[in-house]
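Source file input-v3.cif; content: mmCIF, C-alpha atoms.
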```
data_entry
#
loop_
_atom_site.label_atom_id
_atom_site.label_comp_id
_atom_site.auth_asym_id
_atom_site.auth_seq_id
_atom_site.Cartn_x
_atom_site.Cartn_y
_atom_site.Cartn_z
CA MET A 1256 122.11 127.79 71.24
CA ASN A 1257 118.71 128.55 69.62
CA LYS A 1258 119.07 125.57 67.32
CA MET A 1259 119.92 123.40 70.29
CA ASN A 1260 116.84 124.62 72.19
CA LEU A 1261 114.61 123.80 69.20
CA ALA A 1262 116.07 120.31 69.04
CA VAL A 1263 115.42 119.53 72.68
CA PRO A 1264 111.62 119.05 72.44
CA ALA A 1265 112.13 116.59 69.60
CA LEU A 1266 114.73 114.80 71.67
CA ALA A 1267 112.43 114.63 74.68
CA LEU A 1268 109.56 113.25 72.58
CA ALA A 1269 111.70 110.60 70.92
CA ALA A 1270 113.27 109.60 74.23
CA ALA A 1271 109.85 109.27 75.79
CA LEU A 1272 108.86 106.87 73.02
CA VAL A 1273 111.88 104.73 73.88
CA ALA A 1274 110.65 104.45 77.47
CA LEU A 1275 106.96 104.13 76.58
CA PRO A 1276 106.62 100.39 77.33
CA ALA A 1277 107.53 101.07 80.95
CA HIS A 1278 104.61 103.47 81.25
CA THR A 1279 101.96 101.67 79.24
CA GLN A 1280 102.51 98.37 81.03
CA GLN A 1281 102.91 99.95 84.47
CA ALA A 1282 106.11 97.90 84.65
CA PRO A 1283 108.88 98.48 86.84
CA GLU A 1284 118.51 103.39 88.02
CA ASN A 1285 120.93 104.49 89.77
CA GLN A 1286 118.38 104.30 89.25
CA PRO A 1287 116.99 101.25 87.30
CA ALA A 1288 120.48 100.53 86.17
CA ASP A 1289 122.17 97.65 87.95
CA THR A 1290 120.94 98.33 91.46
CA GLN A 1291 118.00 99.85 93.29
CA ARG A 1292 119.62 102.41 95.51
CA PRO A 1293 119.46 106.07 96.42
CA ALA A 1294 121.06 108.59 94.13
CA GLU A 1295 124.79 109.17 94.10
CA ASP A 1296 124.72 111.96 96.68
CA ALA A 1297 122.44 110.07 99.06
CA GLU A 1298 123.81 108.65 102.28
CA LEU A 1299 120.97 106.25 102.98
CA PRO A 1300 122.01 102.65 102.31
CA PRO A 1301 121.11 100.49 99.35
CA VAL A 1302 117.79 98.87 100.13
CA ALA A 1303 117.63 96.14 97.49
CA VAL A 1304 119.78 93.47 95.97
CA PRO A 1305 121.85 93.95 92.80
CA GLN A 1306 119.81 93.48 89.64
CA PRO A 1307 121.01 92.46 86.17
CA SER A 1308 120.82 95.08 83.44
CA ALA A 1309 119.07 94.50 80.14
CA ALA A 1310 122.29 94.41 78.13
CA GLY A 1311 123.68 90.92 77.57
CA GLN A 1312 120.74 88.97 79.03
CA GLU A 1313 119.78 85.42 78.03
CA ARG A 1314 116.51 86.23 76.20
CA THR A 1315 114.99 89.24 74.50
CA VAL A 1316 112.47 89.82 77.30
CA MET A 1317 113.04 88.88 80.92
CA VAL A 1318 111.31 89.62 84.22
CA VAL A 1319 113.20 90.20 87.46
CA VAL A 1320 111.64 90.12 90.94
CA GLY A 1321 113.37 90.46 94.27
CA SER A 1322 113.26 91.54 97.86
CA SER A 1323 115.64 92.61 100.58
CA LEU A 1324 115.72 93.47 104.26
CA THR A 1325 118.02 96.20 105.56
CA TRP A 1326 118.86 97.27 109.10
CA ASP A 1327 120.23 100.82 109.46
CA SER A 1328 121.58 102.03 112.80
CA ASN A 1329 121.24 105.76 111.95
CA VAL A 1330 118.66 106.43 109.24
CA PHE A 1331 118.92 110.23 109.28
CA ARG A 1332 122.70 110.36 109.86
CA LEU A 1333 122.35 112.25 113.13
CA PRO A 1334 125.40 113.07 115.28
CA ASP A 1335 126.00 111.16 118.50
CA SER A 1336 125.06 114.26 120.49
CA ALA A 1337 121.56 114.40 118.97
CA ASP A 1338 118.60 113.41 121.12
CA PRO A 1339 116.49 111.09 118.90
CA GLN A 1340 113.50 111.44 121.22
CA ALA A 1341 113.46 115.20 120.69
CA GLN A 1342 114.21 115.14 116.94
CA LEU A 1343 112.49 111.94 115.81
CA GLY A 1344 109.87 111.31 118.47
CA ARG A 1345 111.35 107.94 119.46
CA SER A 1346 114.31 106.76 121.47
CA SER A 1347 116.22 105.10 118.62
CA LYS A 1348 117.81 106.33 115.39
CA SER A 1349 117.67 102.90 113.78
CA ASP A 1350 115.10 101.24 111.56
CA ARG A 1351 114.40 98.13 109.51
CA ILE A 1352 113.68 98.67 105.84
CA SER A 1353 112.02 96.16 103.54
CA THR A 1354 112.17 96.46 99.77
CA THR A 1355 110.31 94.52 97.08
CA TYR A 1356 110.66 95.14 93.37
CA ALA A 1357 109.62 93.80 89.96
CA GLY A 1358 111.36 94.67 86.73
CA LEU A 1359 111.12 94.19 82.99
CA ARG A 1360 114.29 93.82 80.90
CA VAL A 1361 114.24 94.07 77.09
CA ASP A 1362 117.27 93.63 74.80
CA LYS A 1363 116.26 93.48 71.12
CA GLN A 1364 118.65 93.48 68.19
CA TYR A 1365 117.15 94.35 64.80
CA ALA A 1366 119.64 94.49 61.91
CA GLN A 1367 122.06 97.28 62.92
CA GLN A 1368 119.70 98.69 65.54
CA ARG A 1369 119.52 97.69 69.20
CA PHE A 1370 116.73 98.52 71.64
CA LEU A 1371 117.22 98.33 75.41
CA LEU A 1372 114.70 98.82 78.19
CA ASP A 1373 115.21 98.37 81.92
CA ALA A 1374 112.11 99.30 83.95
CA THR A 1375 111.42 98.67 87.63
CA VAL A 1376 108.70 99.39 90.16
CA THR A 1377 109.70 99.15 93.83
CA ALA A 1378 107.95 99.26 97.19
CA ILE A 1379 110.13 100.56 100.05
CA ARG A 1380 108.77 100.31 103.58
CA TYR A 1381 110.23 101.57 106.87
CA ARG A 1382 109.10 99.79 110.03
CA ALA A 1383 109.46 102.73 112.45
CA PHE A 1384 109.69 105.82 110.22
CA SER A 1385 106.78 104.81 108.02
CA TYR A 1386 106.33 108.35 106.67
CA LEU A 1387 109.47 107.66 104.58
CA ASP A 1388 107.68 104.89 102.64
CA PHE A 1389 107.57 105.45 98.89
CA ASP A 1390 107.15 103.52 95.64
CA PRO A 1391 109.70 104.56 93.03
CA VAL A 1392 109.00 103.89 89.36
CA GLU A 1393 112.23 103.92 87.40
CA TYR A 1394 113.35 103.19 83.87
CA ARG A 1395 116.24 103.36 81.45
CA GLY A 1396 115.54 103.09 77.74
CA GLU A 1397 117.95 103.40 74.83
CA TRP A 1398 117.97 103.01 71.06
CA GLN A 1399 121.50 102.31 69.84
CA TRP A 1400 121.18 103.26 66.19
CA HIS A 1401 123.28 103.01 63.04
CA LEU A 1402 122.40 105.23 60.09
CA THR A 1403 125.34 104.05 57.98
CA PRO A 1404 128.53 102.14 58.84
CA ARG A 1405 130.11 105.55 59.48
CA VAL A 1406 127.32 107.26 61.41
CA SER A 1407 125.93 105.88 64.67
CA GLY A 1408 124.69 107.04 68.04
CA ALA A 1409 122.21 106.55 70.84
CA LEU A 1410 118.87 108.05 71.84
CA GLY A 1411 117.78 107.42 75.40
CA ALA A 1412 115.95 108.45 78.52
CA ASP A 1413 116.11 107.43 82.17
CA ARG A 1414 114.32 108.19 85.41
CA SER A 1415 115.31 107.43 89.00
CA GLN A 1416 113.82 108.20 92.42
CA ALA A 1417 115.49 108.25 95.82
CA LEU A 1418 115.23 109.89 99.20
CA ALA A 1419 117.23 113.09 99.57
CA ASN A 1420 120.55 112.89 101.35
CA TYR A 1421 119.52 113.39 104.99
CA GLY A 1422 123.18 113.85 105.85
CA ASP A 1423 122.71 117.32 104.30
CA PHE A 1424 118.93 117.78 104.22
CA ARG A 1425 118.41 118.16 107.95
CA ASN A 1426 114.60 118.18 108.22
CA ALA A 1427 114.02 114.65 109.52
CA SER A 1428 110.30 115.29 109.97
CA GLN A 1429 109.59 115.30 106.23
CA ARG A 1430 109.97 112.78 103.46
CA ASN A 1431 111.90 114.42 100.64
CA VAL A 1432 111.98 112.43 97.40
CA LEU A 1433 114.44 113.30 94.65
CA ILE A 1434 113.37 112.59 91.05
CA ASN A 1435 116.15 112.61 88.45
CA GLU A 1436 115.12 112.52 84.77
CA ASN A 1437 117.45 112.58 81.76
CA ARG A 1438 116.93 112.61 78.01
CA ARG A 1439 119.90 112.40 75.65
CA LEU A 1440 121.00 112.07 72.04
CA SER A 1441 124.55 111.25 70.96
CA VAL A 1442 126.08 111.03 67.48
CA ASP A 1443 129.38 109.44 66.42
CA GLY A 1444 130.64 110.13 62.90
CA TRP A 1445 133.65 108.17 61.67
CA LEU A 1446 135.81 110.54 59.60
CA PHE A 1447 138.83 108.47 58.55
CA GLY A 1448 141.42 106.22 60.15
CA GLY A 1449 140.91 106.35 63.89
CA TRP A 1450 139.28 109.81 63.91
CA HIS A 1451 135.65 110.29 65.01
CA LEU A 1452 133.54 113.44 65.27
CA LEU A 1453 131.21 113.47 68.30
CA GLY A 1454 128.11 115.47 69.17
CA GLY A 1455 125.29 115.33 71.67
CA LEU A 1456 122.28 116.96 73.32
CA ARG A 1457 121.04 116.35 76.84
CA GLN A 1458 118.15 117.54 78.98
CA ARG A 1459 118.08 116.95 82.73
CA GLU A 1460 115.47 117.64 85.40
CA ILE A 1461 116.08 117.46 89.15
CA ASN A 1462 113.02 117.76 91.39
CA TYR A 1463 112.79 117.58 95.19
CA SER A 1464 109.36 117.01 96.72
CA VAL A 1465 110.36 119.35 99.58
CA PRO A 1466 112.45 122.48 98.84
CA PHE A 1467 116.19 121.92 99.34
CA PRO A 1468 117.55 125.46 98.82
CA GLN A 1469 121.25 124.58 98.98
CA VAL A 1470 120.82 122.40 95.87
CA GLY A 1471 117.47 123.38 94.39
CA SER A 1472 115.19 121.78 91.83
CA PHE A 1473 116.19 122.73 88.29
CA ARG A 1474 115.96 121.99 84.59
CA GLU A 1475 119.01 122.20 82.35
CA THR A 1476 119.81 121.73 78.66
CA ALA A 1477 123.28 120.93 77.38
CA GLY A 1478 124.98 120.58 74.02
CA GLU A 1479 128.42 119.15 73.39
CA ALA A 1480 130.86 118.51 70.56
CA GLY A 1481 134.13 116.63 70.50
CA LEU A 1482 136.78 114.74 68.62
CA LYS A 1483 137.94 111.20 69.40
CA TYR A 1484 140.99 109.30 68.20
CA LEU A 1485 141.11 105.51 68.47
CA ALA A 1486 144.59 104.01 68.45
CA GLY A 1487 143.55 100.52 67.41
CA THR A 1488 141.83 98.64 70.21
CA ALA A 1489 144.34 99.57 72.91
CA ALA A 1490 143.80 103.28 73.49
CA SER A 1491 141.57 106.26 72.82
CA LEU A 1492 141.82 110.02 73.34
CA THR A 1493 138.82 112.39 73.32
CA VAL A 1494 138.46 116.16 73.52
CA ASN A 1495 134.96 117.43 74.47
CA PHE A 1496 133.40 120.86 74.84
CA ARG A 1497 130.09 121.12 76.70
CA SER A 1498 127.78 124.09 77.30
CA THR A 1499 124.88 123.94 79.77
CA SER A 1500 122.08 126.40 80.52
CA GLY A 1501 119.70 125.86 83.43
CA HIS A 1502 117.01 127.49 85.51
CA TYR A 1503 115.61 126.69 88.95
CA THR A 1504 112.01 125.54 89.08
CA ASP A 1505 111.32 125.85 92.81
CA ARG A 1506 112.52 129.34 93.62
CA VAL A 1507 112.58 132.94 92.40
CA LEU A 1508 115.38 135.45 92.42
CA ASP A 1509 116.35 136.30 96.02
CA PRO A 1510 118.83 139.22 96.26
CA VAL A 1511 118.98 138.97 100.06
CA ALA A 1512 120.06 135.32 100.29
CA LEU A 1513 121.79 135.58 96.88
CA LEU A 1514 119.75 132.68 95.48
CA ASP A 1515 119.64 132.88 91.70
CA ASP A 1516 116.96 131.71 89.28
CA GLY A 1517 119.38 130.31 86.69
CA PHE A 1518 122.93 129.47 85.70
CA THR A 1519 125.28 128.52 82.87
CA ARG A 1520 128.09 125.98 83.00
CA SER A 1521 130.81 125.24 80.48
CA GLU A 1522 133.27 122.36 80.49
CA SER A 1523 136.33 121.57 78.40
CA GLU A 1524 137.45 118.02 79.00
CA LEU A 1525 140.08 115.55 77.91
CA LEU A 1526 139.35 111.82 78.26
CA ALA A 1527 141.71 108.91 77.74
CA THR A 1528 141.53 105.12 77.94
CA TRP A 1529 144.58 102.90 77.72
CA ILE A 1530 144.55 99.10 77.80
CA VAL A 1531 148.03 98.67 79.24
CA THR A 1532 147.92 94.88 79.10
CA GLY A 1533 145.23 92.24 78.78
CA LYS A 1534 144.78 92.53 82.54
CA SER A 1535 145.23 96.25 83.18
CA THR A 1536 143.23 99.26 81.97
CA LEU A 1537 143.57 102.95 82.80
CA ASP A 1538 140.77 105.54 82.43
CA ALA A 1539 141.35 109.26 82.94
CA ARG A 1540 139.44 112.54 82.66
CA LEU A 1541 140.66 116.10 83.11
CA ALA A 1542 138.21 119.00 82.79
CA ARG A 1543 138.03 122.74 83.27
CA VAL A 1544 134.69 123.78 84.80
CA ASP A 1545 133.32 127.31 84.58
CA TYR A 1546 130.02 127.93 86.44
CA ARG A 1547 128.28 131.29 86.18
CA SER A 1548 125.31 132.49 88.23
CA ASN A 1549 122.93 134.55 86.07
CA HIS A 1550 122.72 137.51 88.48
CA PHE A 1551 125.13 137.08 91.41
CA ALA A 1552 128.84 137.00 90.59
CA GLU A 1553 129.49 135.97 94.21
CA ARG A 1554 127.97 132.56 93.43
CA SER A 1555 130.12 131.91 90.35
CA PHE A 1556 133.12 129.59 90.46
CA SER A 1557 135.62 127.75 88.28
CA GLY A 1558 138.15 124.99 88.78
CA THR A 1559 139.49 121.62 87.74
CA ALA A 1560 137.60 118.33 87.76
CA ALA A 1561 139.31 115.00 87.25
CA THR A 1562 138.91 111.24 87.44
CA LEU A 1563 141.47 108.46 87.32
CA GLY A 1564 140.64 104.76 87.40
CA HIS A 1565 142.65 101.58 87.20
CA ARG A 1566 141.07 98.18 86.55
CA TRP A 1567 143.34 95.23 87.19
CA ALA A 1568 142.52 91.56 86.65
CA ALA A 1569 145.18 90.17 88.94
CA THR A 1570 144.19 86.53 88.32
CA GLY A 1571 141.29 84.68 86.75
CA LYS A 1572 139.42 84.96 90.05
CA LEU A 1573 140.69 88.23 91.54
CA SER A 1574 140.15 91.75 90.16
CA VAL A 1575 140.77 95.16 91.72
CA ASN A 1576 139.31 98.59 90.88
CA LEU A 1577 141.05 101.72 92.14
CA ALA A 1578 139.46 105.12 91.45
CA PHE A 1579 139.94 108.79 92.28
CA SER A 1580 137.61 111.66 91.36
CA ARG A 1581 137.40 115.39 91.93
CA GLU A 1582 134.15 117.22 91.16
CA LEU A 1583 132.80 120.75 91.66
CA GLN A 1584 129.12 121.25 92.53
CA PRO A 1585 126.99 124.29 93.43
CA TRP A 1586 126.01 124.59 97.11
CA GLU A 1587 124.22 127.81 97.99
CA ASP A 1588 123.80 129.08 101.54
CA SER A 1589 125.52 131.75 103.60
CA SER A 1590 128.53 129.54 104.35
CA ALA A 1591 129.37 128.44 100.79
CA SER A 1592 128.61 128.90 97.09
CA TYR A 1593 130.04 125.60 95.89
CA ARG A 1594 131.78 122.51 97.14
CA VAL A 1595 134.68 120.36 95.97
CA ASP A 1596 134.16 116.60 96.35
CA GLN A 1597 137.24 114.36 96.27
CA ARG A 1598 136.66 110.60 96.37
CA LEU A 1599 139.12 107.73 96.62
CA SER A 1600 137.90 104.13 96.44
CA LEU A 1601 139.34 100.64 96.35
CA GLY A 1602 137.20 97.68 95.30
CA PRO A 1603 138.62 94.16 95.12
CA LEU A 1604 136.42 91.32 93.83
CA TRP A 1605 137.16 87.65 94.52
CA GLN A 1606 135.28 85.14 92.37
CA MET A 1607 135.58 82.27 94.81
CA THR A 1608 133.62 79.81 92.65
CA ASP A 1609 131.48 80.00 89.51
CA ARG A 1610 128.49 80.76 91.75
CA THR A 1611 130.02 82.75 94.62
CA ALA A 1612 131.76 86.13 94.72
CA LEU A 1613 133.09 88.22 97.61
CA ARG A 1614 133.32 92.00 97.21
CA LEU A 1615 135.09 94.56 99.38
CA SER A 1616 134.72 98.32 99.04
CA LEU A 1617 136.78 100.92 100.87
CA GLY A 1618 136.17 104.61 100.33
CA ARG A 1619 137.15 108.05 101.53
CA GLU A 1620 135.35 111.23 100.47
CA ALA A 1621 136.38 114.77 101.40
CA ARG A 1622 133.92 117.63 100.85
CA ASP A 1623 135.24 121.18 101.00
CA TYR A 1624 132.57 123.93 101.07
CA ARG A 1625 133.99 127.10 99.55
CA ASN A 1626 133.32 130.76 98.77
CA PRO A 1627 131.02 131.97 101.62
CA VAL A 1628 129.00 135.13 100.99
CA ALA A 1629 130.12 138.44 102.39
CA GLY A 1630 129.38 138.82 106.07
CA PHE A 1631 129.64 135.15 106.98
CA THR A 1632 131.67 134.81 110.19
CA GLY A 1633 131.28 131.13 111.04
CA THR A 1634 133.60 128.18 110.46
CA THR A 1635 134.03 126.96 106.89
CA ARG A 1636 132.56 123.48 106.62
CA ARG A 1637 134.72 120.50 105.67
CA ASP A 1638 133.48 116.90 105.84
CA THR A 1639 135.37 113.63 105.59
CA LEU A 1640 133.37 110.45 105.06
CA ARG A 1641 135.02 107.05 105.44
CA SER A 1642 133.18 103.88 104.50
CA ALA A 1643 133.84 100.15 104.30
CA GLN A 1644 131.60 97.45 102.90
CA ILE A 1645 131.87 93.71 102.44
CA ALA A 1646 129.34 91.79 100.36
CA LEU A 1647 128.77 88.18 99.37
CA ASP A 1648 126.92 87.26 96.17
CA TRP A 1649 125.71 83.67 95.80
CA ARG A 1650 123.96 82.29 92.73
CA LEU A 1651 122.00 79.40 94.15
CA LEU A 1652 120.46 78.41 90.81
CA ARG A 1653 120.86 79.64 87.27
CA ASN A 1654 118.35 82.48 87.77
CA LEU A 1655 118.16 82.68 91.57
CA SER A 1656 120.66 84.79 93.51
CA VAL A 1657 121.15 85.73 97.16
CA ASN A 1658 123.35 88.47 98.53
CA ALA A 1659 124.36 89.80 101.94
CA SER A 1660 126.38 92.87 102.89
CA LEU A 1661 127.72 94.77 105.88
CA GLN A 1662 128.63 98.44 105.71
CA ARG A 1663 130.16 100.93 108.11
CA GLN A 1664 130.20 104.73 107.68
CA ARG A 1665 131.84 107.45 109.74
CA GLN A 1666 131.83 111.16 108.92
CA THR A 1667 133.83 113.85 110.68
CA SER A 1668 133.24 117.56 110.08
CA THR A 1669 134.32 121.01 111.17
CA ASP A 1670 130.61 121.48 111.93
CA PRO A 1671 129.64 119.01 114.71
CA ALA A 1672 126.03 118.96 113.44
CA PHE A 1673 127.17 117.00 110.37
CA GLU A 1674 129.19 114.32 112.13
CA PHE A 1675 127.73 110.81 112.30
CA GLU A 1676 128.38 107.09 112.45
CA ALA A 1677 126.20 104.41 110.89
CA GLY A 1678 126.13 100.67 110.36
CA VAL A 1679 124.07 98.95 107.67
CA ALA A 1680 123.31 95.26 107.14
CA THR A 1681 121.38 93.94 104.12
CA LEU A 1682 120.12 90.50 103.07
CA GLY A 1683 118.37 90.08 99.73
CA ALA A 1684 117.38 87.71 96.95
CA SER A 1685 116.41 88.06 93.28
CA LEU A 1686 114.84 85.80 90.65
CA LYS A 1687 114.84 86.36 86.89
CA PHE A 1688 112.80 84.45 84.33
#
```

Whole structure given in C-alpha cells:
Amino acid sequence: MNKMNLAVPALALAAALVALPAHTQQAPENQPADTQRPAEDAELPPVAVPQPSAAGQERTVMVVVGSSLTWDSNVFRLPDSADPQAQLGRSSKSDRISTTYAGLRVDKQYAQQRFLLDATVTAIRYRAFSYLDFDPVEYRGEWQWHLTPRVSGALGADRSQALANYGDFRNASQRNVLINENRRLSVDGWLFGGWHLLGGLRQREINYSVPFPQVGSFRETAGEAGLKYLAGTAASLTVNFRSTSGHYTDRVLDPVALLDDGFTRSESELLATWIVTGKSTLDARLARVDYRSNHFAERSFSGTAATLGHRWAATGKLSVNLAFSRELQPWEDSSASYRVDQRLSLGPLWQMTDRTALRLSLGREARDYRNPVAGFTGTTRRDTLRSAQIALDWRLLRNLSVNASLQRQRQTSTDPAFEFEAGVATLGASLKF
C-alpha cells in the first residue's frame, strides 16, 4: 500500500497535465461525458441536451454549443403533504430552468497514442429559485497509450459538478453543489494467447459545498489487479481485486453519532462479456464487497454487488437495452449504516429515420436502508422510485440537433417525508462545428 500511495501524486500530476487545456483556455461529465446532467445519485432532471463525446468525432478539434429549457414540477422532491409556502417561501414547488453550455472536443491520434479531451463550461439558471444558480466547469481527459504491442493502458482525469440529491438532502434553503473528481491509471499487459494481466490506480475526491453527513465529503485512493481472458472476439472473462482506503475531509471522529473519519473497502469481482450473436450481447458483474469503518464496527458491512445487462439489436432500426444492478453504499445516520440500491431499467431506441430517433426509458429503483445503530426505535426506511421518460432526437442539419423529452417520477417510502411525485419537460438544441 505504501508503494501505491507514493504513486498517486505522480498519477495526479500526470492526469492534471492531460486535462490542462481545459484549464488554460477556460474552456468548457456525467459529467462532461455525453450529457450535462446531475450526478448519478441526483434526482434533479437533466438540464441540457445530449452532447457528442470527443471519441469518434469528424475532426481533431471541434466546438459544441447548446442550450435547453426545462420545466420541473417539484424541484426539491417534496412530498404532497409539504407546504411550499412554509418550506420554500413561495406557493409553488415548480420552476423553469435554463441551461447554456459551450464545449471543446479533442480527439488526436499520434502513432500508437491517442489523446482525448472533452471540456465544458455551463451556465444553469433557475427562474424562481435563483439561489440554485451555478456554473459548472467539467472535463474528461485521457491518454490512451501503447508502450509496446503487448503493453498498453490509459491515463486520465475527469471532473463533474451537480446539485446534491435534494430527494435525500432535505435543506431546501441552501444550494449544495457536489464536485466529483477522479484521476486514474490503468495498465494492460498481454501475456500469451488470450491472457492479459491488468493493473490500475485511482484517486477520487467527493466534495459537497454544504455538509451532507449521511454521505460526507471524502478522498479515497484505490489499487487493483486482475486477470482477463479473451475468447476470440466473442467473449471475455475478468477477475479483479480492488483495495480502497479513504478519509473524510469535512468531519472529525464523532463517537456519539458514530461518524468515522475514515474507511477501507475491498472488492473481489468477476466480469464477463458474451457476444451471443451479431445482434445480442450480454454483460455481467458479480462482486463481493467488504466495507470497514476505521473505528466503529457498527458501521461496517459486507454483501454482494451485481450487474447484468442485455443489448439487443432487434432490427436495423430498433434496439433494446435491459439492465439490472445491485450496489451497496455507505449511509450514516441513526436509522442506517448503509443502503442497498437495486435498479431495473428498460430502454428501447427506435431509429425512425437517418435523422430522427425516439427513445423510451422505464426504470424502477428500490433503496433499502440497513443496519441502524443501537437504540434506534423508528421505522426502517425503504424507498421505491419509478420513472418513465420518452425523448425525441432530431438532427435538423449535419451539425445541428434538437431534442425534446418528457419524464415522470414517483417515489414511495416507508417514511412519508421522502415520498414525492415530479414531472419534467425539456426542450434543447446543440450545434457543433

For Ala1591 in chain A, the closest of A:Glu1436, A:Asp1350, A:Glu1313, A:Asp1623 counting only C-alpha atoms is A:Asp1623

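With distances restricted to only C-alpha atoms, A:Leu1485 is the closest residue to Ile1530 in chain A from A:Gln1664, A:Leu1485, A:Leu1446, A:Val1316.
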
Using the chain letters and numbers from the file, which residues does the PyMOL selection byres ((chain A and resi 1403-1420) around 6) grab, as a ChimeraX atom specification?
/A:1270,1284,1286,1293-1294,1297-1298,1391,1393-1402,1421-1424,1431-1445

Store the residues picked out above in a file with C-alpha atoms, as a PDB file, keeping the file's coordinate frame.
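Just written: selection31.pdb:
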```
ATOM      1  CA  ALA A1270     113.270 109.600  74.230  1.00  0.00           C
ATOM      2  CA  GLU A1284     118.510 103.390  88.020  1.00  0.00           C
ATOM      3  CA  GLN A1286     118.380 104.300  89.250  1.00  0.00           C
ATOM      4  CA  PRO A1293     119.460 106.070  96.420  1.00  0.00           C
ATOM      5  CA  ALA A1294     121.060 108.590  94.130  1.00  0.00           C
ATOM      6  CA  ALA A1297     122.440 110.070  99.060  1.00  0.00           C
ATOM      7  CA  GLU A1298     123.810 108.650 102.280  1.00  0.00           C
ATOM      8  CA  PRO A1391     109.700 104.560  93.030  1.00  0.00           C
ATOM      9  CA  GLU A1393     112.230 103.920  87.400  1.00  0.00           C
ATOM     10  CA  TYR A1394     113.350 103.190  83.870  1.00  0.00           C
ATOM     11  CA  ARG A1395     116.240 103.360  81.450  1.00  0.00           C
ATOM     12  CA  GLY A1396     115.540 103.090  77.740  1.00  0.00           C
ATOM     13  CA  GLU A1397     117.950 103.400  74.830  1.00  0.00           C
ATOM     14  CA  TRP A1398     117.970 103.010  71.060  1.00  0.00           C
ATOM     15  CA  GLN A1399     121.500 102.310  69.840  1.00  0.00           C
ATOM     16  CA  TRP A1400     121.180 103.260  66.190  1.00  0.00           C
ATOM     17  CA  HIS A1401     123.280 103.010  63.040  1.00  0.00           C
ATOM     18  CA  LEU A1402     122.400 105.230  60.090  1.00  0.00           C
ATOM     19  CA  TYR A1421     119.520 113.390 104.990  1.00  0.00           C
ATOM     20  CA  GLY A1422     123.180 113.850 105.850  1.00  0.00           C
ATOM     21  CA  ASP A1423     122.710 117.320 104.300  1.00  0.00           C
ATOM     22  CA  PHE A1424     118.930 117.780 104.220  1.00  0.00           C
ATOM     23  CA  ASN A1431     111.900 114.420 100.640  1.00  0.00           C
ATOM     24  CA  VAL A1432     111.980 112.430  97.400  1.00  0.00           C
ATOM     25  CA  LEU A1433     114.440 113.300  94.650  1.00  0.00           C
ATOM     26  CA  ILE A1434     113.370 112.590  91.050  1.00  0.00           C
ATOM     27  CA  ASN A1435     116.150 112.610  88.450  1.00  0.00           C
ATOM     28  CA  GLU A1436     115.120 112.520  84.770  1.00  0.00           C
ATOM     29  CA  ASN A1437     117.450 112.580  81.760  1.00  0.00           C
ATOM     30  CA  ARG A1438     116.930 112.610  78.010  1.00  0.00           C
ATOM     31  CA  ARG A1439     119.900 112.400  75.650  1.00  0.00           C
ATOM     32  CA  LEU A1440     121.000 112.070  72.040  1.00  0.00           C
ATOM     33  CA  SER A1441     124.550 111.250  70.960  1.00  0.00           C
ATOM     34  CA  VAL A1442     126.080 111.030  67.480  1.00  0.00           C
ATOM     35  CA  ASP A1443     129.380 109.440  66.420  1.00  0.00           C
ATOM     36  CA  GLY A1444     130.640 110.130  62.900  1.00  0.00           C
ATOM     37  CA  TRP A1445     133.650 108.170  61.670  1.00  0.00           C
TER      38      TRP A1445
END
```

Which polymer residues have any atom within 10 Å of an atom of Ala1539 in chain A, counting all atoms listed in the file, with same-chain residues fewer than 6 positions away left out, as a ChimeraX atom specification?
/A:1492,1525-1529,1561-1565,1578-1580

As a check of understanding, name the residues that the PyMOL selection byres ((chain A and resi 1687) around 8) selects in the supplied structure, as a ChimeraX atom specification.
/A:1317-1320,1654-1655,1685-1686,1688

Which value, in Å to one decimal, gives the distance between CA of Asp1362 in chain A and CA of Thr1375 in chain A?
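Distance between the two atoms: 15.0 Å.
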
One decimal, Å: what's the distance from CA of Arg1506 in chain A over to CA of Glu1475 in chain A, could you say?
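Result for CA of Arg1506 in chain A versus CA of Glu1475 in chain A: 14.8 Å, one decimal.
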
Starting from the PyMOL selection byres ((chain A and resi 1519) around 10), expand the selection into actual residues of this file and give them as a VMD selection string.
chain A and resid 1475 to 1477 1498 to 1502 1517 to 1518 1520 to 1521 1545 to 1549 1555

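CA of Gly1683 in chain A sits 8.5 Å away from CA of Ser1656 in chain A.
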
Counting only C-alpha atoms, which residues in range 1621-1668 of chain A sit no more than 12 Å from range 1333-1339 of chain A? For each one, give the nearest pair of atoms and the distance in Å, sorted by chain then residue number, as a Markdown table.
```
| residue | atom | partner | partner_atom | distance |
| --- | --- | --- | --- | --- |
| A:Arg1665 | CA | A:Pro1334 | CA | 10.2 |
| A:Gln1666 | CA | A:Pro1334 | CA | 9.2 |
| A:Thr1667 | CA | A:Pro1334 | CA | 9.6 |
| A:Ser1668 | CA | A:Pro1334 | CA | 10.4 |
```

Between A:Ser1589, A:Pro1510, A:Arg1663, A:Thr1635, smallest distance to Leu1617 in chain A by only C-alpha atoms belongs to A:Arg1663

Which residue out of A:Ser1660, A:Gln1367, A:Ser1535, A:Ser1385 has the minimum interatomic distance to Arg1430 in chain A when only C-alpha atoms are used?
A:Ser1385

Using all atoms listed in the file, find all polymer residues with an atom at most 6 Å away from the point (135.5, 81.3, 93.5); report them as a VMD selection string.
chain A and resid 1606 to 1609 1611

Among listed residues A:Leu1682, A:Ala1677, A:Ala1341, A:Leu1482, nearest Val1657 in chain A (using only C-alpha atoms):
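Answer, going by the shortest atom-to-atom distance: A:Leu1682.
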
Please supply range 1655-1659 of chain A, rebuilt with N, CA and C atoms, as an mmCIF file, keeping the file's coordinate frame.
```cif
data_model
loop_
_atom_site.group_PDB
_atom_site.id
_atom_site.type_symbol
_atom_site.label_atom_id
_atom_site.label_comp_id
_atom_site.auth_asym_id
_atom_site.auth_seq_id
_atom_site.Cartn_x
_atom_site.Cartn_y
_atom_site.Cartn_z
ATOM 1 N N LEU A 1655 118.469 82.313 90.193
ATOM 2 C CA LEU A 1655 118.160 82.680 91.570
ATOM 3 C C LEU A 1655 119.438 83.066 92.302
ATOM 4 N N SER A 1656 119.463 84.288 92.831
ATOM 5 C CA SER A 1656 120.660 84.790 93.510
ATOM 6 C C SER A 1656 120.307 85.326 94.889
ATOM 7 N N VAL A 1657 121.273 85.218 95.795
ATOM 8 C CA VAL A 1657 121.150 85.730 97.160
ATOM 9 C C VAL A 1657 122.383 86.585 97.442
ATOM 10 N N ASN A 1658 122.190 87.679 98.165
ATOM 11 C CA ASN A 1658 123.350 88.470 98.530
ATOM 12 C C ASN A 1658 123.201 89.000 99.952
ATOM 13 N N ALA A 1659 124.332 89.234 100.589
ATOM 14 C CA ALA A 1659 124.360 89.800 101.940
ATOM 15 C C ALA A 1659 125.514 90.789 102.009
#
```
